[in-house]
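Enquirer: Enclosed is the structure file run_30.txt (compact mmCIF, C-alpha atoms).
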```txt
# COMPACT_ATOMS: atom_id res chain seq x y z
CA MET A 1 221.78 112.04 109.38
CA ARG A 2 221.26 108.38 110.25
CA LYS A 3 224.88 108.14 111.44
CA PHE A 4 224.35 111.21 113.58
CA PHE A 5 221.34 109.67 115.35
CA LEU A 6 223.18 106.39 115.85
CA LEU A 7 226.11 108.26 117.38
CA MET A 8 223.79 110.21 119.70
CA ALA A 9 222.02 107.01 120.74
CA ALA A 10 225.38 105.39 121.53
CA LEU A 11 226.46 108.39 123.61
CA VAL A 12 223.18 108.34 125.55
CA ALA A 13 223.60 104.60 126.19
CA LEU A 14 227.14 105.15 127.47
CA ALA A 15 225.96 107.96 129.74
CA MET A 16 223.24 105.73 131.16
CA LEU A 17 225.55 102.75 131.76
CA PRO A 18 226.90 103.82 135.18
CA SER A 19 223.35 104.59 136.31
CA CYS A 20 222.16 101.15 135.20
CA VAL A 21 225.03 99.45 137.03
CA GLN A 22 224.27 101.43 140.20
CA GLN A 23 220.59 100.51 139.99
CA ARG A 24 221.51 96.85 139.70
CA LEU A 25 223.92 97.06 142.65
CA ARG A 26 221.37 98.92 144.80
CA ALA A 27 218.75 96.29 144.01
CA GLN A 28 221.22 93.51 144.83
CA ALA A 29 221.98 95.03 148.24
CA ARG A 30 218.30 95.74 148.94
CA GLU A 31 217.28 92.14 148.19
CA SER A 32 220.26 90.43 149.83
CA GLN A 33 219.68 88.35 152.96
CA VAL A 34 223.39 88.38 153.89
CA VAL A 35 225.06 90.46 156.60
CA VAL A 36 228.87 90.67 156.85
CA LEU A 37 230.64 91.52 160.10
CA ASP A 38 234.33 92.41 160.15
CA ILE A 39 236.32 92.11 163.39
CA GLY A 40 238.47 95.22 163.36
CA HIS A 41 242.28 95.22 163.47
CA TYR A 42 244.18 91.96 163.95
CA TYR A 43 245.91 89.74 166.48
CA HIS A 44 249.70 89.75 166.80
CA PRO A 45 251.23 86.46 168.06
CA GLN A 46 253.42 88.23 170.63
CA ARG A 47 251.64 91.51 171.31
CA GLY A 48 248.01 90.39 171.22
CA GLY A 49 245.22 92.48 169.77
CA GLN A 50 246.33 95.57 167.88
CA GLY A 51 243.29 97.81 168.31
CA ALA A 52 242.14 100.30 170.94
CA ARG A 53 242.84 99.21 174.49
CA THR A 54 242.01 100.29 178.02
CA PRO A 55 244.89 102.36 179.50
CA ASP A 56 245.37 99.83 182.34
CA ALA A 57 243.39 97.15 184.16
CA ARG A 58 241.88 99.47 186.79
CA TYR A 59 238.42 99.52 185.16
CA GLY A 60 238.80 96.47 182.95
CA ASN A 61 241.46 95.07 180.66
CA ILE A 62 239.90 95.16 177.18
CA GLU A 63 241.27 95.27 173.62
CA GLU A 64 238.78 95.73 170.80
CA CYS A 65 239.94 92.97 168.43
CA GLU A 66 240.07 90.42 171.27
CA PHE A 67 236.67 91.62 172.52
CA TRP A 68 235.00 91.03 169.17
CA TYR A 69 236.60 87.61 168.68
CA LYS A 70 234.87 86.64 171.90
CA TYR A 71 231.53 88.39 171.44
CA ALA A 72 230.82 88.68 167.69
CA ILE A 73 229.07 85.30 167.85
CA HIS A 74 226.32 86.95 169.92
CA THR A 75 225.78 89.59 167.23
CA LYS A 76 225.72 86.82 164.63
CA ARG A 77 223.13 84.79 166.55
CA VAL A 78 220.72 87.73 166.74
CA ILE A 79 221.05 88.26 162.99
CA GLU A 80 220.62 84.58 162.14
CA GLN A 81 217.69 84.12 164.51
CA ALA A 82 215.94 86.84 162.47
CA GLY A 83 216.37 84.67 159.36
CA TYR A 84 219.42 86.25 157.74
CA THR A 85 222.80 84.76 156.85
CA CYS A 86 225.73 86.25 158.78
CA ARG A 87 229.38 85.91 157.82
CA ILE A 88 232.30 87.18 159.92
CA CYS A 89 235.81 88.00 158.76
CA ASN A 90 239.07 89.41 160.08
CA ARG A 91 241.95 90.68 157.99
CA GLY A 92 244.62 88.82 159.96
CA ALA A 93 245.43 85.21 160.69
CA ALA A 94 243.74 83.25 163.48
CA PRO A 95 244.76 84.45 166.97
CA ALA A 96 247.66 82.64 168.64
CA ASN A 97 245.73 82.73 171.92
CA PRO A 98 243.97 79.32 172.06
CA ALA A 99 240.83 80.69 173.72
CA LEU A 100 240.39 83.47 171.19
CA ALA A 101 241.12 81.08 168.32
CA ALA A 102 238.39 78.78 169.68
CA TYR A 103 235.92 81.69 169.84
CA GLY A 104 236.79 82.50 166.24
CA ARG A 105 236.21 78.93 165.07
CA ARG A 106 232.89 78.78 166.93
CA ALA A 107 231.75 81.98 165.22
CA GLY A 108 232.99 80.77 161.82
CA VAL A 109 235.39 83.70 161.38
CA HIS A 110 236.98 83.76 157.93
CA GLN A 111 240.63 84.74 158.28
CA ILE A 112 241.57 86.82 155.25
CA ASN A 113 245.29 86.38 155.96
CA THR A 114 246.23 89.74 154.45
CA PRO A 115 249.87 89.32 153.33
CA GLU A 116 250.99 92.38 155.34
CA VAL A 117 248.34 93.25 157.90
CA THR A 118 249.68 96.80 158.24
CA GLY A 119 250.11 97.24 154.48
CA VAL A 120 248.04 99.58 152.33
CA TYR A 121 246.14 97.73 149.60
CA ARG A 122 243.94 98.74 146.67
CA SER A 123 240.38 97.53 146.45
CA LYS A 124 239.96 95.07 143.61
CA TYR A 125 236.53 96.55 143.00
CA HIS A 126 237.46 100.24 143.16
CA PRO A 127 241.26 100.54 142.65
CA GLU A 128 241.27 104.26 143.41
CA ARG A 129 240.46 103.33 147.02
CA MET A 130 243.45 102.35 149.14
CA ALA A 131 243.69 101.63 152.86
CA VAL A 132 244.98 99.33 155.56
CA GLY A 133 242.25 96.74 156.00
CA ILE A 134 240.67 97.33 152.57
CA LEU A 135 240.71 93.57 151.89
CA SER A 136 238.02 93.16 154.55
CA ALA A 137 235.79 95.51 152.58
CA ASP A 138 236.52 93.50 149.42
CA TYR A 139 235.67 90.25 151.20
CA GLY A 140 232.42 91.80 152.36
CA ILE A 141 231.50 92.91 148.84
CA ASP A 142 232.34 89.39 147.58
CA GLN A 143 229.42 88.09 149.67
CA LYS A 144 226.88 90.35 147.86
CA PRO A 145 225.55 91.56 151.22
CA GLY A 146 222.68 93.70 152.37
CA CYS A 147 225.14 95.52 154.64
CA ILE A 148 228.65 95.35 156.08
CA VAL A 149 229.42 96.29 159.69
CA PHE A 150 232.99 96.79 160.92
CA LEU A 151 233.09 95.90 164.64
CA HIS A 152 235.28 98.32 166.59
CA HIS A 153 235.55 100.24 169.85
CA ASN A 154 237.26 103.59 170.23
CA SER A 155 239.67 105.42 172.53
CA ASN A 156 240.45 109.10 172.75
CA SER A 157 243.35 108.92 175.20
CA ASP A 158 246.13 106.79 176.63
CA HIS A 159 244.76 107.80 180.05
CA TRP A 160 241.38 107.29 181.67
CA GLN A 161 239.07 110.07 180.57
CA VAL A 162 235.30 110.47 180.50
CA TYR A 163 234.41 110.94 176.84
CA ASN A 164 230.85 110.70 175.55
CA LYS A 165 231.18 111.05 171.79
CA GLY A 166 230.30 107.48 170.83
CA ALA A 167 228.97 107.17 167.29
CA ILE A 168 228.29 104.85 164.39
CA TYR A 169 230.34 105.97 161.37
CA CYS A 170 228.81 105.16 158.00
CA ASN A 171 228.87 105.73 154.28
CA GLU A 172 226.11 107.64 152.49
CA CYS A 173 224.34 104.40 151.59
CA GLY A 174 224.44 103.38 155.25
CA THR A 175 222.78 106.29 157.03
CA ARG A 176 219.63 104.29 157.83
CA LEU A 177 221.76 101.35 158.96
CA ALA A 178 223.78 103.60 161.28
CA SER A 179 220.65 105.31 162.60
CA ALA A 180 219.03 101.97 163.48
CA MET A 181 222.18 100.83 165.27
CA ALA A 182 222.68 104.14 167.10
CA GLN A 183 219.07 104.19 168.28
CA GLU A 184 219.37 100.66 169.63
CA ILE A 185 222.65 101.45 171.42
CA THR A 186 221.12 104.56 172.99
CA ARG A 187 217.94 102.74 174.04
CA SER A 188 219.27 99.46 175.36
CA ILE A 189 222.89 100.23 176.32
CA TYR A 190 223.42 103.92 177.13
CA ALA A 191 220.07 104.11 178.93
CA ARG A 192 220.53 100.76 180.66
CA GLY A 193 223.87 100.59 182.36
CA MET A 194 226.62 102.15 180.21
CA ASN A 195 226.71 105.67 181.60
CA ASN A 196 227.09 108.20 178.77
CA ASN A 197 225.94 111.32 180.64
CA GLY A 198 222.67 111.40 178.70
CA VAL A 199 224.40 111.86 175.34
CA PRO A 200 222.82 109.68 172.62
CA CYS A 201 224.89 107.61 170.23
CA GLY A 202 225.71 109.71 167.18
CA VAL A 203 225.67 109.00 163.45
CA ILE A 204 228.57 110.38 161.41
CA ILE A 205 228.96 110.04 157.64
CA ARG A 206 232.64 109.48 156.87
CA ASN A 207 233.65 109.89 153.22
CA ASN A 208 237.13 111.32 153.69
CA GLY A 209 239.44 108.54 152.58
CA HIS A 210 242.34 110.00 154.57
CA ARG A 211 240.57 109.44 157.90
CA GLY A 212 240.17 106.15 159.75
CA GLY A 213 237.88 103.78 157.88
CA GLY A 214 237.12 106.35 155.19
CA ASP A 215 238.11 104.28 152.19
CA TRP A 216 236.56 101.08 153.58
CA LEU A 217 233.28 102.97 153.64
CA ASN A 218 233.91 104.66 150.28
CA THR A 219 234.62 101.30 148.63
CA CYS A 220 231.33 99.94 149.96
CA ASN A 221 229.49 103.13 149.00
CA GLU A 222 230.70 102.99 145.40
CA HIS A 223 229.38 99.42 145.31
CA CYS A 224 226.02 100.66 146.73
CA VAL A 225 226.45 98.57 149.90
CA PRO A 226 225.34 100.16 153.21
CA ALA A 227 228.29 100.03 155.61
CA ALA A 228 229.02 101.20 159.14
CA ILE A 229 231.77 101.18 161.76
CA THR A 230 230.83 100.73 165.43
CA GLU A 231 232.62 103.31 167.58
CA ALA A 232 229.94 103.61 170.26
CA ALA A 233 232.10 102.59 173.24
CA PHE A 234 235.29 104.34 174.35
CA LEU A 235 237.75 102.05 176.10
CA SER A 236 239.41 105.06 177.75
CA ASN A 237 236.08 106.00 179.38
CA PRO A 238 235.95 104.35 182.84
CA ASP A 239 232.16 103.90 182.71
CA HIS A 240 232.28 102.25 179.29
CA ALA A 241 235.19 99.99 180.29
CA LYS A 242 233.52 98.91 183.54
CA PHE A 243 230.33 98.09 181.64
CA LEU A 244 232.02 96.08 178.88
CA GLY A 245 234.30 94.33 181.39
CA ASN A 246 231.26 92.49 182.70
CA ASP A 247 230.55 89.39 180.60
CA ALA A 248 226.75 89.71 180.72
CA ASN A 249 226.95 93.37 179.70
CA ALA A 250 229.35 92.58 176.86
CA VAL A 251 226.87 90.02 175.53
CA ARG A 252 224.08 92.61 175.78
CA TYR A 253 226.19 95.10 173.87
CA ALA A 254 226.95 92.63 171.06
CA GLN A 255 223.28 91.69 170.87
CA ALA A 256 222.25 95.35 170.65
CA ILE A 257 224.50 95.76 167.60
CA GLY A 258 222.75 92.75 166.10
CA ARG A 259 219.26 94.10 166.82
CA GLY A 260 220.13 97.41 165.17
CA ILE A 261 221.31 95.57 162.05
CA VAL A 262 218.17 93.44 161.98
CA LYS A 263 215.94 96.52 162.27
CA PHE A 264 217.69 98.00 159.26
CA MET A 265 217.46 94.81 157.22
CA GLN A 266 213.74 94.49 157.98
CA SER A 267 213.03 98.11 157.05
CA ARG A 268 214.54 98.04 153.54
```
Would you mind writing the file's structure down as structure tokens?
Expert:
Amino acid sequence: MRKFFLLMAALVALAMLPSCVQQRLRAQARESQVVVLDIGHYYHPQRGGQGARTPDARYGNIEECEFWYKYAIHTKRVIEQAGYTCRICNRGAAPANPALAAYGRRAGVHQINTPEVTGVYRSKYHPERMAVGILSADYGIDQKPGCIVFLHHNSNSDHWQVYNKGAIYCNECGTRLASAMAQEITRSIYARGMNNNGVPCGVIIRNNGHRGGGDWLNTCNEHCVPAAITEAAFLSNPDHAKFLGNDANAVRYAQAIGRGIVKFMQSR
């Protein structure tokens, strides 16, 4: 009988183990004072930034990776002025463009130097999760952060087209993070210069690993880290491109992302 009770106790302890680990990880994220920003995509020495791009220069010539190399420092400053530590990474090597490389150094961007930037890798934390860019999620988790934000823009067309479906994509742990960011974008960007036809910034939970960013977010979610991807501006939307093509507006946009992150961090 004693052996039976010992066996049952061992089985109960094993069943509780994942729950205990999750509680510890949730507490770690909740108490962390670190925010990680990832500059999406990468810079190719000959072809430049490899992310979403405006169809032509008519309403602004913008590529998302290049944009965030230049403006992520403004997001970082907002976060650090609120008393948090902010670290920025990018999965590629430093840009070949001297100006962008200088922006990256000024912002303290950590270049992950992924061996093959277009290669699919497994997360070292959750090997069942595989994706291009997964090493950025792993780097973020390495920092034991309160949240991770992947800095992107979007595009729905190779031609200019008004499209007002901007959103913050997030994992299940990151719904409050995404909501805080979306509310700030709607309030201080959509309502103050970036015409979005009255449509507020959305919040979309993405947990399908086969869709863009899905397994980055899943990896973070399984580590109990709130995570989000910024897709609030469409570079194929003339109004969005014209707004972001203005330096002062681009700074405002980057700062709004930072304020949304700070609101989340302060509300935990």
Enquirer: Within 12 Å of (250.8, 98.0, 156.9), in the coordinates the file gives, what residues turn up when you count all atoms listed in the file, written out as a count of residues only?
Expert: 17
Enquirer: Using all atoms listed in the file, find the one residue out of A:Leu244, A:Arg259, A:Val162, A:Ser236 that sits nearest to A:Ala182.
Expert: A:Arg259
Enquirer: Mind giving me the straight-line distance from atom CA of A:Leu235 to atom CA of A:Ala52 in Å, one decimal?
Expert: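 Between atom CA of A:Leu235 and atom CA of A:Ala52 the gap is 7.0 Å.
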Enquirer: Just give me the residues with any atom within 10 Å of (230.2, 103.0, 177.5), file coordinates, counting all atoms listed in the file, written as a list of chain:residue names.
Expert: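 Final list of nearby residues, as requested, is A:His153, A:Val162, A:Tyr163, A:Asn164, A:Lys165, A:Gly166, A:Ile185, A:Ile189, A:Tyr190, A:Gly193, A:Met194, A:Asn195, A:Asn196, A:Asn197, A:Ala232, A:Ala233, A:Phe234, A:Leu235, A:Ser236, A:Asn237, A:Pro238, A:Asp239, A:His240, A:Ala241, A:Lys242, A:Phe243, A:Leu244, A:Tyr253.
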Enquirer: Could you work out an axis-aligned box for stretch 42-49 of chain A, taking every atom the file lists and adding 4 Å on each side, and report centre and edge lengths in Å to one decimal, as AutoDock Vina command-line options?
Expert:
```
--center_x 248.8 --center_y 89.5 --center_z 167.6 --size_x 17.2 --size_y 14.0 --size_z 15.4
```
Enquirer: Select, from A:Phe264, A:Tyr59, A:Tyr43, A:Tyr103, the residue with the minimum atom-to-atom distance to A:His159, counting only C-alpha atoms.
Expert: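 The closest residue to A:His159 is A:Tyr59.
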Enquirer: Calculate how many Å separate atom CA of A:Ala72 from atom CA of A:His152, rounding to one decimal.
Expert: 10.7 Å
Enquirer: Let me make sure I understand: among A:Ala180, A:Val34, A:Ile257, A:Cys173, which one has the smallest atom-to-atom distance to A:Gln22 if we use all atoms listed in the file?
Expert: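 The shortest atom-to-atom distance to A:Gln22 comes from A:Cys173.
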Enquirer: Could you tell me how far atom CA of A:Glu63 sits from atom CA of A:His44, in Å to one decimal place?
Expert: 12.2 Å
Enquirer: Here is a test: counting all atoms listed in the file, which residue of A:Ala57, A:Ala191, A:Cys201, A:Cys89 is nearest to A:Asp142?
Expert: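 Distance minimum relative to A:Asp142 lands on A:Cys89.
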Enquirer: Between A:Cys65, A:Ile79, A:Ala101, A:Ala248, which has the minimum distance to A:Gln33 (counting only C-alpha atoms)?
Expert: A:Ile79
Enquirer: Can you sort out stretch 148-159 of chain A so it carries all heavy atoms, written as an mmCIF file, keeping the file's coordinate frame?
Expert:
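The resulting file, selection.cif, is shown below:
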```
data_model
loop_
_atom_site.group_PDB
_atom_site.id
_atom_site.type_symbol
_atom_site.label_atom_id
_atom_site.label_comp_id
_atom_site.auth_asym_id
_atom_site.auth_seq_id
_atom_site.Cartn_x
_atom_site.Cartn_y
_atom_site.Cartn_z
ATOM 1 N N ILE A 148 227.380 95.758 155.463
ATOM 2 C CA ILE A 148 228.650 95.350 156.080
ATOM 3 C C ILE A 148 228.844 96.207 157.331
ATOM 4 O O ILE A 148 228.694 97.430 157.279
ATOM 5 C CB ILE A 148 229.841 95.559 155.135
ATOM 6 C CG1 ILE A 148 229.643 94.767 153.832
ATOM 7 C CG2 ILE A 148 231.143 95.153 155.812
ATOM 8 C CD1 ILE A 148 230.709 95.042 152.777
ATOM 9 N N VAL A 149 229.176 95.564 158.444
ATOM 10 C CA VAL A 149 229.420 96.290 159.690
ATOM 11 C C VAL A 149 230.809 95.926 160.208
ATOM 12 O O VAL A 149 231.125 94.746 160.402
ATOM 13 C CB VAL A 149 228.355 95.971 160.755
ATOM 14 C CG1 VAL A 149 228.703 96.635 162.086
ATOM 15 C CG2 VAL A 149 226.977 96.439 160.271
ATOM 16 N N PHE A 150 231.633 96.953 160.397
ATOM 17 C CA PHE A 150 232.990 96.790 160.920
ATOM 18 C C PHE A 150 232.926 96.968 162.438
ATOM 19 O O PHE A 150 232.575 98.047 162.926
ATOM 20 C CB PHE A 150 233.925 97.814 160.284
ATOM 21 C CG PHE A 150 234.007 97.697 158.782
ATOM 22 C CD1 PHE A 150 233.127 98.403 157.966
ATOM 23 C CD2 PHE A 150 234.948 96.860 158.182
ATOM 24 C CE1 PHE A 150 233.188 98.295 156.580
ATOM 25 C CE2 PHE A 150 235.016 96.747 156.800
ATOM 26 C CZ PHE A 150 234.137 97.458 155.996
ATOM 27 N N LEU A 151 233.245 95.905 163.186
ATOM 28 C CA LEU A 151 233.090 95.900 164.640
ATOM 29 C C LEU A 151 234.332 96.474 165.316
ATOM 30 O O LEU A 151 235.403 95.865 165.287
ATOM 31 C CB LEU A 151 232.854 94.464 165.125
ATOM 32 C CG LEU A 151 231.588 93.783 164.583
ATOM 33 C CD1 LEU A 151 231.584 92.308 164.975
ATOM 34 C CD2 LEU A 151 230.328 94.487 165.059
ATOM 35 N N HIS A 152 234.169 97.626 165.926
ATOM 36 C CA HIS A 152 235.280 98.320 166.590
ATOM 37 C C HIS A 152 234.812 98.862 167.939
ATOM 38 O O HIS A 152 233.612 98.908 168.241
ATOM 39 C CB HIS A 152 235.765 99.503 165.740
ATOM 40 C CG HIS A 152 236.554 99.101 164.536
ATOM 41 N ND1 HIS A 152 237.914 99.318 164.424
ATOM 42 C CD2 HIS A 152 236.175 98.505 163.380
ATOM 43 C CE1 HIS A 152 238.339 98.863 163.257
ATOM 44 N NE2 HIS A 152 237.298 98.371 162.597
ATOM 45 N N HIS A 153 235.774 99.303 168.747
ATOM 46 C CA HIS A 153 235.550 100.240 169.850
ATOM 47 C C HIS A 153 236.469 101.430 169.561
ATOM 48 O O HIS A 153 237.199 101.434 168.566
ATOM 49 C CB HIS A 153 235.905 99.623 171.201
ATOM 50 C CG HIS A 153 235.041 98.464 171.599
ATOM 51 N ND1 HIS A 153 233.675 98.461 171.441
ATOM 52 C CD2 HIS A 153 235.354 97.259 172.152
ATOM 53 C CE1 HIS A 153 233.176 97.319 171.868
ATOM 54 N NE2 HIS A 153 234.173 96.571 172.305
ATOM 55 N N ASN A 154 236.455 102.408 170.447
ATOM 56 C CA ASN A 154 237.260 103.590 170.230
ATOM 57 C C ASN A 154 238.038 103.926 171.498
ATOM 58 O O ASN A 154 237.816 103.334 172.548
ATOM 59 C CB ASN A 154 236.388 104.779 169.813
ATOM 60 C CG ASN A 154 237.104 105.719 168.870
ATOM 61 O OD1 ASN A 154 238.317 105.830 168.881
ATOM 62 N ND2 ASN A 154 236.339 106.412 168.029
ATOM 63 N N SER A 155 238.937 104.884 171.391
ATOM 64 C CA SER A 155 239.670 105.420 172.530
ATOM 65 C C SER A 155 240.134 106.814 172.153
ATOM 66 O O SER A 155 240.584 107.026 171.035
ATOM 67 C CB SER A 155 240.863 104.537 172.889
ATOM 68 O OG SER A 155 241.590 105.111 173.961
ATOM 69 N N ASN A 156 240.006 107.744 173.060
ATOM 70 C CA ASN A 156 240.450 109.100 172.750
ATOM 71 C C ASN A 156 241.683 109.498 173.545
ATOM 72 O O ASN A 156 242.138 110.630 173.473
ATOM 73 C CB ASN A 156 239.330 110.112 173.018
ATOM 74 C CG ASN A 156 239.118 110.348 174.498
ATOM 75 O OD1 ASN A 156 238.991 109.399 175.262
ATOM 76 N ND2 ASN A 156 239.072 111.602 174.913
ATOM 77 N N SER A 157 242.250 108.545 174.315
ATOM 78 C CA SER A 157 243.350 108.920 175.200
ATOM 79 C C SER A 157 244.104 107.679 175.640
ATOM 80 O O SER A 157 243.552 106.569 175.669
ATOM 81 C CB SER A 157 242.795 109.657 176.438
ATOM 82 O OG SER A 157 243.800 109.855 177.393
ATOM 83 N N ASP A 158 245.368 107.862 176.001
ATOM 84 C CA ASP A 158 246.130 106.790 176.630
ATOM 85 C C ASP A 158 245.916 106.784 178.137
ATOM 86 O O ASP A 158 246.524 105.983 178.856
ATOM 87 C CB ASP A 158 247.630 106.951 176.334
ATOM 88 C CG ASP A 158 247.942 106.705 174.873
ATOM 89 O OD1 ASP A 158 247.208 105.927 174.229
ATOM 90 O OD2 ASP A 158 248.917 107.299 174.365
ATOM 91 N N HIS A 159 245.072 107.695 178.626
ATOM 92 C CA HIS A 159 244.760 107.800 180.050
ATOM 93 C C HIS A 159 243.243 107.696 180.214
ATOM 94 O O HIS A 159 242.489 107.924 179.282
ATOM 95 C CB HIS A 159 245.271 109.122 180.626
ATOM 96 C CG HIS A 159 246.727 109.368 180.366
ATOM 97 N ND1 HIS A 159 247.732 108.729 181.068
ATOM 98 C CD2 HIS A 159 247.348 110.156 179.453
ATOM 99 C CE1 HIS A 159 248.903 109.131 180.615
ATOM 100 N NE2 HIS A 159 248.710 109.990 179.629
#
```
